[in-house]
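Reviewing the structure listed below.
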Amino acid sequence: MKRIQFKHGVLFLVLIFAAGCIYAWSIVARGFSARGEPSSGEAFIARRLRRLAIPSGARATKNPVEATPEVLSAAMTHYADHCAICHGNDGRGTTLVGKGLYPKPPDMTEPTTQQLTDGALYYIIENGMRFTGMPAFGEETGKADNNESWDLVHFIRHLPGISGEEIAEMKKMNPKSPTELAKEERMRKFLQGDDSQPAESSREHNH
């Protein structure tokens with residue numbers, strides 16, 4: 001009986017090894033382009049690793065900031081300027097930069113993000129997430145009193161019900177590329193009757 005169990009165990013390990021080799025070969029064959037979509041298996045593992053990456057104490061932390069209209073307004077401005085380039089004004093991640101990342105930014109209107117605790121969202125904003133495109137925005141690891149990040153947690157909760165009017169307003173706050181700034185400068189000068197080219201300094205975009 002033990003001999004049969006041993007043979008089955010060896011066969012199972014051989015099958016696992018063979019499956020791993022086939023999967024590795026398929027990755028090498030198709031390359032490591034960031035354009036692809038993660039498989040369902042990768043997505044499953046990534047979600048579990050995300051949970052493991054957030055300390056239990058951080059997950060249990062409550063948001064100390066009240067979700068007032070003023071807080072949401074400030075968070076919307078902050079989000080439009082710092083976060084929308086990857087996550088999109090609507091939080092769905094379907095931006096040019098977002099589509100070029102691997103893994104892709106999550107759709108923050110979906111349950112996989114909305115079911116995270118406030119503390120987990122805060123931790124991710126402050127500390128980033130390894131092996132993704134999510135940077136750490138906090139100045140000090142473990143600090144739990146960055147109100148701007150807590151404000152953003154409230155705004156993330158607001159994303160599933162965000163209105164078209166709010167998204168249109170956010171578009172005005174999104175950072176502009178040098179090309180867009182140059183176009184705006186040319187249009188401004190045209191309306192003023194000045195056909196001269198904008199100065200080089202007007203093409204620079206400083207944060």
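Note on naming: chains are A, B, ... as they come in the structure tokens, residues start from 1 per chain, ligands start from 1 in the order shown.
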
task: Could you give me, as a ChimeraX atom specification, the residues within 12 Å of Arg59 of chain A, counting only C-alpha atoms and dropping anything in the same chain fewer than 4 positions from it?
output: /A:50-55,63,115-124,144

- request: From segment 132-194 of chain A, collect each residue whose DSSP state is helix (DSSP H, G or I) and return the set as a PyMOL selection string.
  value: chain A and resi 147-161+164-171+178-191

File of the preceding selection, N, CA and C atoms, as a CSV table (one decimal), in the first residue's frame:
chain,number,residue,atom,x,y,z
A,147,ASN,N,-2.9,62.8,6.4
A,147,ASN,CA,-4.3,63.1,6.1
A,147,ASN,C,-4.6,63.1,4.6
A,148,GLU,N,-3.7,63.5,3.7
A,148,GLU,CA,-3.9,63.4,2.3
A,148,GLU,C,-4.2,62.0,1.8
A,149,SER,N,-3.4,61.1,2.3
A,149,SER,CA,-3.7,59.7,2.0
A,149,SER,C,-5.0,59.1,2.5
A,150,TRP,N,-5.3,59.5,3.7
A,150,TRP,CA,-6.7,59.1,4.3
A,150,TRP,C,-7.8,59.8,3.4
A,151,ASP,N,-7.6,61.0,3.0
A,151,ASP,CA,-8.6,61.6,2.1
A,151,ASP,C,-8.8,60.8,0.8
A,152,LEU,N,-7.6,60.3,0.3
A,152,LEU,CA,-7.7,59.5,-0.9
A,152,LEU,C,-8.5,58.2,-0.7
A,153,VAL,N,-8.4,57.7,0.5
A,153,VAL,CA,-9.1,56.5,0.8
A,153,VAL,C,-10.6,56.8,0.6
A,154,HIS,N,-11.1,57.9,1.2
A,154,HIS,CA,-12.5,58.3,1.0
A,154,HIS,C,-12.8,58.4,-0.5
A,155,PHE,N,-11.9,59.0,-1.2
A,155,PHE,CA,-12.2,59.2,-2.7
A,155,PHE,C,-12.3,57.9,-3.4
A,156,ILE,N,-11.5,56.9,-3.1
A,156,ILE,CA,-11.5,55.6,-3.7
A,156,ILE,C,-12.9,55.0,-3.4
A,157,ARG,N,-13.4,55.2,-2.2
A,157,ARG,CA,-14.7,54.7,-1.8
A,157,ARG,C,-15.8,55.4,-2.7
A,158,HIS,N,-15.5,56.6,-3.1
A,158,HIS,CA,-16.5,57.4,-3.9
A,158,HIS,C,-16.5,57.0,-5.3
A,159,LEU,N,-15.5,56.3,-5.8
A,159,LEU,CA,-15.3,56.1,-7.3
A,159,LEU,C,-16.4,55.3,-7.9
A,160,PRO,N,-17.0,54.2,-7.2
A,160,PRO,CA,-18.1,53.5,-7.9
A,160,PRO,C,-19.3,54.3,-8.3
A,161,GLY,N,-19.5,55.4,-7.6
A,161,GLY,CA,-20.7,56.3,-7.9
A,161,GLY,C,-20.3,57.6,-8.4
A,164,GLY,N,-20.5,61.9,-14.1
A,164,GLY,CA,-19.9,62.4,-15.3
A,164,GLY,C,-19.4,63.8,-15.1
A,165,GLU,N,-20.2,64.6,-14.4
A,165,GLU,CA,-19.8,66.0,-14.1
A,165,GLU,C,-18.5,66.1,-13.4
A,166,GLU,N,-18.3,65.2,-12.4
A,166,GLU,CA,-17.1,65.1,-11.6
A,166,GLU,C,-15.9,64.7,-12.5
A,167,ILE,N,-16.1,63.7,-13.4
A,167,ILE,CA,-15.0,63.3,-14.2
A,167,ILE,C,-14.6,64.4,-15.2
A,168,ALA,N,-15.6,65.1,-15.7
A,168,ALA,CA,-15.3,66.3,-16.6
A,168,ALA,C,-14.5,67.3,-15.9
A,169,GLU,N,-14.8,67.6,-14.6
A,169,GLU,CA,-14.1,68.6,-13.8
A,169,GLU,C,-12.7,68.1,-13.6
A,170,MET,N,-12.5,66.8,-13.3
A,170,MET,CA,-11.2,66.3,-13.1
A,170,MET,C,-10.3,66.4,-14.3
A,171,LYS,N,-10.8,66.3,-15.5
A,171,LYS,CA,-10.0,66.4,-16.7
A,171,LYS,C,-9.3,67.7,-16.8
A,178,PRO,N,3.9,68.6,-22.3
A,178,PRO,CA,4.5,69.8,-23.0
A,178,PRO,C,3.8,70.1,-24.3
A,179,THR,N,3.4,69.1,-25.1
A,179,THR,CA,2.7,69.3,-26.3
A,179,THR,C,1.3,70.0,-26.1
A,180,GLU,N,0.6,69.5,-25.1
A,180,GLU,CA,-0.7,70.1,-24.8
A,180,GLU,C,-0.5,71.6,-24.3
A,181,LEU,N,0.5,71.8,-23.5
A,181,LEU,CA,0.7,73.2,-23.0
A,181,LEU,C,1.1,74.1,-24.2
A,182,ALA,N,1.9,73.6,-25.1
A,182,ALA,CA,2.2,74.4,-26.3
A,182,ALA,C,1.0,74.8,-27.1
A,183,LYS,N,0.1,73.8,-27.3
A,183,LYS,CA,-1.1,74.0,-28.0
A,183,LYS,C,-2.0,75.1,-27.4
A,184,GLU,N,-2.1,75.0,-26.0
A,184,GLU,CA,-2.9,76.0,-25.3
A,184,GLU,C,-2.2,77.4,-25.4
A,185,GLU,N,-0.9,77.4,-25.4
A,185,GLU,CA,-0.2,78.7,-25.5
A,185,GLU,C,-0.5,79.3,-26.9
A,186,ARG,N,-0.4,78.5,-27.9
A,186,ARG,CA,-0.6,79.0,-29.3
A,186,ARG,C,-2.1,79.5,-29.5
A,187,MET,N,-3.0,78.7,-28.9
A,187,MET,CA,-4.4,79.1,-29.0
A,187,MET,C,-4.6,80.4,-28.2
A,188,ARG,N,-4.0,80.6,-27.1
A,188,ARG,CA,-4.1,81.8,-26.3
A,188,ARG,C,-3.6,83.0,-27.1
A,189,LYS,N,-2.4,82.8,-27.7
A,189,LYS,CA,-1.8,83.9,-28.5
A,189,LYS,C,-2.6,84.2,-29.7
A,190,PHE,N,-3.2,83.1,-30.3
A,190,PHE,CA,-4.0,83.4,-31.5
A,190,PHE,C,-5.2,84.2,-31.2
A,191,LEU,N,-5.9,83.9,-30.1
A,191,LEU,CA,-7.1,84.7,-29.6
A,191,LEU,C,-6.7,86.1,-29.3

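Among A:Asp90, A:Pro103, A:Gln192, A:Ala60, the residue with the shortest atom-to-atom distance to Glu42 of chain A, counting only C-alpha atoms, is A:Pro103.
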